[in-house]
Structures are given as structure tokens and as C-alpha cells.
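Notes for the one structure printed next.
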Amino acid sequence: MLDDQIFCPTCGTDTDHSLIKSGQENLVRCIECDTVHSIQVERERLVNLKVIVNRDRQSSPYFMNFPAREILHVGDELLVDDPAKEVVMTEITSLETDRRVQAALAGEVGVVWARATDEVPLKISVYRSGTSHSLKISVSGDEVFEVGETRQAKGCRFSVVKIKLRGEGFADFAPAKDIVRIWGREI
């Protein structure tokens, strides 16, 4: 049975149909009256878009096909799969049409800007005896950090005191891809 209901010329309404044969014209059978008829297959137009992926201040261009009617949004996760390069999980940070927009049909977009979220750089400030020192580590974007937990990075053991988020504000816990900086107290 097909997912969408199709207009049956005999019944005069949209009804469930089963697919008999697929091709340029699909041959279908009405479940209600057993009438067999053909329907036109609507071809979906694809657009090849340039996706610029930023990974720790380094940008790389990728190219991907999207359905022209797909709506892209800033903040959406996007699996970038360019046959010429590696696969990268990203988050859309900007869409360029004739100007920068928050959402647009893929057919209207010229360039998609994104940041890699599968592996992210994480900035950590660790406080000890009146001084702070900064660390920068690379972690999985899905790794969750929580205030109060004990962590170790580059030979420094610390307790997480504060987590600053990308958007705005602070949190008690968050995945690394959403974190701007972590503050900790050395143990």
C-alpha cells in the first residue's frame, strides 16, 4: 500500500492504493473498487549547493545535492556527504541567498555555511591558587559535560565549575558542540 492517498477516477475521491508497477508512470490499484489506473510520477528537482564547513577556524568547501523544495534552517543539523571528501556532521550557521537569511528553500540558496559538530574544539579555563591557565582539547560533539563532575585534560585534573553556551547564557550540563567555554577548579 502507498503512503499517500491517490485520486481514484472510478470512486471520485482520494483513496488508498497499492502499487502494481513502478516506472515513469506508476500502475496502481484502488483498494476500494479494484480499478487499475496509471499515475504520473512527480520528479523532484535537485540542486547542487556549496556547503562551507568550518572546523576550528579552518573552512573547507563541500558540494551536496538537495531537493530544490527542501527548507533549510539556521541551526539544523546537516550530514555533509560529498563523494570527493569525508562525511561530516555539521550545524547550519548561515544561509546565503541574495542576502543572509534564517531559512530558505534549497533552490533559492547559493551557499550553506556550517560548522563541524562531530569533533569540536573545547576551550577550558582552569583556576588554581589565584591564577588561571587555558587548555584547548578536541572532543566528540555529543560528549556531555556537567557542572560538578571531575575531568582530566592534558595532565590537569579539575572539577567543572561553570559552562558557557554558544547561544547565550550558562548551563548545568550540555553537549560539547553547544559549549563555548568551560571553567574549572584544579584538584
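Note on naming: chains are A, B, ... as they come in the C-alpha cells, residues start from 1 per chain, ligands start from 1 in the order shown.
Near Arg55 of chain A, within 8 Å and counting only C-alpha atoms, sit Gln58, Ser59, Arg115, Ala116 and Val120 of chain A, not including residues fewer than 3 positions from it in the same chain.
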(message) Neighbouring residues of segment 147-159 of chain A were defined as those with any atom within 12 Å, considering only C-alpha atoms; residues of the same chain fewer than 2 positions away were excluded. Please report them as a PyMOL selection string.
(response) chain A and resi 122-128+132-139+144-145+161-164+170-174+182-187
Selected residues written out, C-alpha atoms, as a PDB file, in the first residue's frame:
ATOM      1  CA  LEU A 122      36.690  22.848  23.548  1.00  0.00           C
ATOM      2  CA  LYS A 123      38.215  25.744  25.496  1.00  0.00           C
ATOM      3  CA  ILE A 124      38.768  25.168  29.201  1.00  0.00           C
ATOM      4  CA  SER A 125      39.977  27.696  31.797  1.00  0.00           C
ATOM      5  CA  VAL A 126      41.332  26.025  34.930  1.00  0.00           C
ATOM      6  CA  TYR A 127      41.777  28.085  38.131  1.00  0.00           C
ATOM      7  CA  ARG A 128      44.407  27.254  40.776  1.00  0.00           C
ATOM      8  CA  SER A 132      44.053  30.577  35.548  1.00  0.00           C
ATOM      9  CA  HIS A 133      45.516  28.701  32.631  1.00  0.00           C
ATOM     10  CA  SER A 134      43.776  27.845  29.384  1.00  0.00           C
ATOM     11  CA  LEU A 135      43.525  24.470  27.720  1.00  0.00           C
ATOM     12  CA  LYS A 136      42.116  23.574  24.319  1.00  0.00           C
ATOM     13  CA  ILE A 137      41.128  19.992  23.636  1.00  0.00           C
ATOM     14  CA  SER A 138      39.298  18.208  20.839  1.00  0.00           C
ATOM     15  CA  VAL A 139      36.279  16.104  21.855  1.00  0.00           C
ATOM     16  CA  VAL A 144      28.187  15.801  27.631  1.00  0.00           C
ATOM     17  CA  PHE A 145      29.887  17.966  30.282  1.00  0.00           C
ATOM     18  CA  VAL A 161      32.509  24.906  37.870  1.00  0.00           C
ATOM     19  CA  LYS A 162      30.731  26.729  35.018  1.00  0.00           C
ATOM     20  CA  ILE A 163      29.630  26.032  31.419  1.00  0.00           C
ATOM     21  CA  LYS A 164      29.038  28.880  28.907  1.00  0.00           C
ATOM     22  CA  PHE A 170      25.114  29.214  31.091  1.00  0.00           C
ATOM     23  CA  ALA A 171      24.022  25.645  31.810  1.00  0.00           C
ATOM     24  CA  ASP A 172      24.498  22.899  34.376  1.00  0.00           C
ATOM     25  CA  PHE A 173      25.172  20.390  31.599  1.00  0.00           C
ATOM     26  CA  ALA A 174      25.476  20.432  27.801  1.00  0.00           C
ATOM     27  CA  ILE A 182      34.229  25.537  30.483  1.00  0.00           C
ATOM     28  CA  TRP A 183      35.634  26.927  33.739  1.00  0.00           C
ATOM     29  CA  GLY A 184      37.119  24.535  36.249  1.00  0.00           C
ATOM     30  CA  ARG A 185      38.956  24.421  39.567  1.00  0.00           C
ATOM     31  CA  GLU A 186      42.104  22.292  39.639  1.00  0.00           C
ATOM     32  CA  ILE A 187      42.012  19.331  42.022  1.00  0.00           C
TER      33      ILE A 187
END
(message) I want to know what sits within 6 Å of segment 86-91 of chain A, based on only C-alpha atoms, with residues of the same chain fewer than 5 positions away left out; could you give that as JSON, numbers by chain?
(response) {"A": [75, 76, 77, 78, 79, 80, 81, 114, 115, 116, 117, 118]}
(request) Write out as an NGL selection string all residues of segment 15-122 of chain A that DSSP puts in strand (DSSP E or B) for this structure's backbone. (result) :A and (15 or 17-21 or 25-30 or 36-40 or 46-55 or 58-67 or 71-73 or 77-81 or 87-96 or 100-101 or 103-105 or 111-116 or 119-122)
(message) I'd like to know which of A:Asp56, A:Tyr62, A:Gly110, A:Cys30 is closest to Ser94 of chain A, using only C-alpha atoms.
(response) A:Gly110
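Take the candidates A:Glu168, A:Asp14, A:Glu146, A:Asp178 and check each one against Cys33 of chain A using only C-alpha atoms; the shortest distance goes to A:Asp14.
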Any idea what's packed within 10 Å of Pro61 of chain A, counting only C-alpha atoms, ignoring anything in its chain fewer than 6 positions away? Could you give it as an mmCIF file with all heavy atoms, in the first residue's frame?
data_model
loop_
_atom_site.group_PDB
_atom_site.id
_atom_site.type_symbol
_atom_site.label_atom_id
_atom_site.label_comp_id
_atom_site.auth_asym_id
_atom_site.auth_seq_id
_atom_site.Cartn_x
_atom_site.Cartn_y
_atom_site.Cartn_z
ATOM 1 N N LYS A 50 26.944 24.526 -2.627
ATOM 2 C CA LYS A 50 28.244 24.601 -1.980
ATOM 3 C C LYS A 50 27.988 24.724 -0.484
ATOM 4 O O LYS A 50 27.225 25.581 -0.043
ATOM 5 C CB LYS A 50 29.014 25.815 -2.488
ATOM 6 C CG LYS A 50 30.421 25.930 -1.960
ATOM 7 C CD LYS A 50 31.096 27.138 -2.601
ATOM 8 C CE LYS A 50 32.578 27.124 -2.364
ATOM 9 N NZ LYS A 50 33.238 28.248 -3.064
ATOM 10 N N VAL A 51 28.610 23.836 0.293
ATOM 11 C CA VAL A 51 28.496 23.862 1.749
ATOM 12 C C VAL A 51 29.897 24.126 2.293
ATOM 13 O O VAL A 51 30.801 23.323 2.082
ATOM 14 C CB VAL A 51 27.962 22.529 2.306
ATOM 15 C CG1 VAL A 51 27.843 22.583 3.826
ATOM 16 C CG2 VAL A 51 26.621 22.168 1.679
ATOM 17 N N ILE A 52 30.079 25.265 2.941
ATOM 18 C CA ILE A 52 31.386 25.599 3.507
ATOM 19 C C ILE A 52 31.370 25.217 4.980
ATOM 20 O O ILE A 52 30.587 25.751 5.761
ATOM 21 C CB ILE A 52 31.721 27.088 3.310
ATOM 22 C CG1 ILE A 52 31.765 27.392 1.817
ATOM 23 C CG2 ILE A 52 33.048 27.432 3.990
ATOM 24 C CD1 ILE A 52 31.993 28.830 1.469
ATOM 25 N N VAL A 53 32.224 24.242 5.321
ATOM 26 C CA VAL A 53 32.266 23.706 6.675
ATOM 27 C C VAL A 53 33.469 24.271 7.420
ATOM 28 O O VAL A 53 34.601 24.154 6.954
ATOM 29 C CB VAL A 53 32.334 22.161 6.660
ATOM 30 C CG1 VAL A 53 32.454 21.618 8.082
ATOM 31 C CG2 VAL A 53 31.105 21.582 5.970
ATOM 32 N N ASN A 54 33.192 24.888 8.570
ATOM 33 C CA ASN A 54 34.242 25.435 9.414
ATOM 34 C C ASN A 54 34.549 24.427 10.513
ATOM 35 O O ASN A 54 33.651 23.981 11.219
ATOM 36 C CB ASN A 54 33.791 26.766 10.020
ATOM 37 C CG ASN A 54 34.864 27.375 10.886
ATOM 38 O OD1 ASN A 54 35.210 26.849 11.936
ATOM 39 N ND2 ASN A 54 35.393 28.486 10.431
ATOM 40 N N ASP A 82 29.924 14.636 0.793
ATOM 41 C CA ASP A 82 30.482 14.943 -0.526
ATOM 42 C C ASP A 82 31.262 13.712 -0.974
ATOM 43 O O ASP A 82 32.175 13.273 -0.280
ATOM 44 C CB ASP A 82 31.412 16.160 -0.414
ATOM 45 C CG ASP A 82 31.987 16.607 -1.755
ATOM 46 O OD1 ASP A 82 32.045 15.790 -2.690
ATOM 47 O OD2 ASP A 82 32.387 17.779 -1.862
ATOM 48 N N LYS A 85 35.005 13.829 -0.610
ATOM 49 C CA LYS A 85 35.619 14.074 0.699
ATOM 50 C C LYS A 85 34.973 13.183 1.749
ATOM 51 O O LYS A 85 34.092 12.398 1.458
ATOM 52 C CB LYS A 85 35.454 15.542 1.096
ATOM 53 C CG LYS A 85 36.145 16.500 0.155
ATOM 54 C CD LYS A 85 36.066 17.900 0.680
ATOM 55 C CE LYS A 85 36.820 18.834 -0.253
ATOM 56 N NZ LYS A 85 36.918 20.158 0.313
ATOM 57 N N VAL A 111 24.852 29.516 -1.047
ATOM 58 C CA VAL A 111 25.887 28.884 -0.228
ATOM 59 C C VAL A 111 25.314 28.573 1.156
ATOM 60 O O VAL A 111 24.602 29.387 1.740
ATOM 61 C CB VAL A 111 27.129 29.799 -0.070
ATOM 62 C CG1 VAL A 111 28.187 29.152 0.817
ATOM 63 C CG2 VAL A 111 27.718 30.146 -1.418
ATOM 64 N N VAL A 112 25.650 27.391 1.660
ATOM 65 C CA VAL A 112 25.304 26.998 3.028
ATOM 66 C C VAL A 112 26.588 27.066 3.848
ATOM 67 O O VAL A 112 27.607 26.498 3.458
ATOM 68 C CB VAL A 112 24.744 25.558 3.076
ATOM 69 C CG1 VAL A 112 24.481 25.134 4.513
ATOM 70 C CG2 VAL A 112 23.489 25.428 2.230
ATOM 71 N N TRP A 113 26.538 27.790 4.957
ATOM 72 C CA TRP A 113 27.673 27.864 5.871
ATOM 73 C C TRP A 113 27.345 26.982 7.068
ATOM 74 O O TRP A 113 26.231 27.022 7.599
ATOM 75 C CB TRP A 113 27.901 29.295 6.347
ATOM 76 C CG TRP A 113 28.369 30.200 5.256
ATOM 77 C CD1 TRP A 113 27.594 30.846 4.336
ATOM 78 C CD2 TRP A 113 29.715 30.540 4.933
ATOM 79 N NE1 TRP A 113 28.375 31.579 3.472
ATOM 80 C CE2 TRP A 113 29.690 31.404 3.824
ATOM 81 C CE3 TRP A 113 30.951 30.203 5.488
ATOM 82 C CZ2 TRP A 113 30.833 31.931 3.256
ATOM 83 C CZ3 TRP A 113 32.093 30.741 4.929
ATOM 84 C CH2 TRP A 113 32.036 31.583 3.824
#
(message) One number please: atom CA of Val47 of chain A to atom CA of Thr93 of chain A, in Å, one decimal.
(response)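 Those two atoms sit 19.6 Å apart.
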(request) Find the distance between atom CA of Pro175 of chain A and atom CA of Pro121 of chain A and write it in Å to one decimal. (result)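 Atom-to-atom, atom CA of Pro175 of chain A to atom CA of Pro121 of chain A, that is 12.2 Å.
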(request) Figure out the distance between atom CA of Pro83 of chain A and atom CA of Gly23 of chain A, please, to one decimal in Å. (result)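 These two atoms are separated by 27.2 Å.
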(request) Within 10 Å of Val28 of chain A, counting only C-alpha atoms, which residues show up once you throw out same-chain ones fewer than 3 positions away? Write them as a count of residues only, please. (result) 19
(message) I'd like to know which residues of segment 46-182 of chain A are helix (DSSP H, G or I) (by DSSP, run on the backbone); could you write them as a list in words?
(response) Ala106, Gly107, Glu108, Ala176, Lys177 and Asp178 of chain A
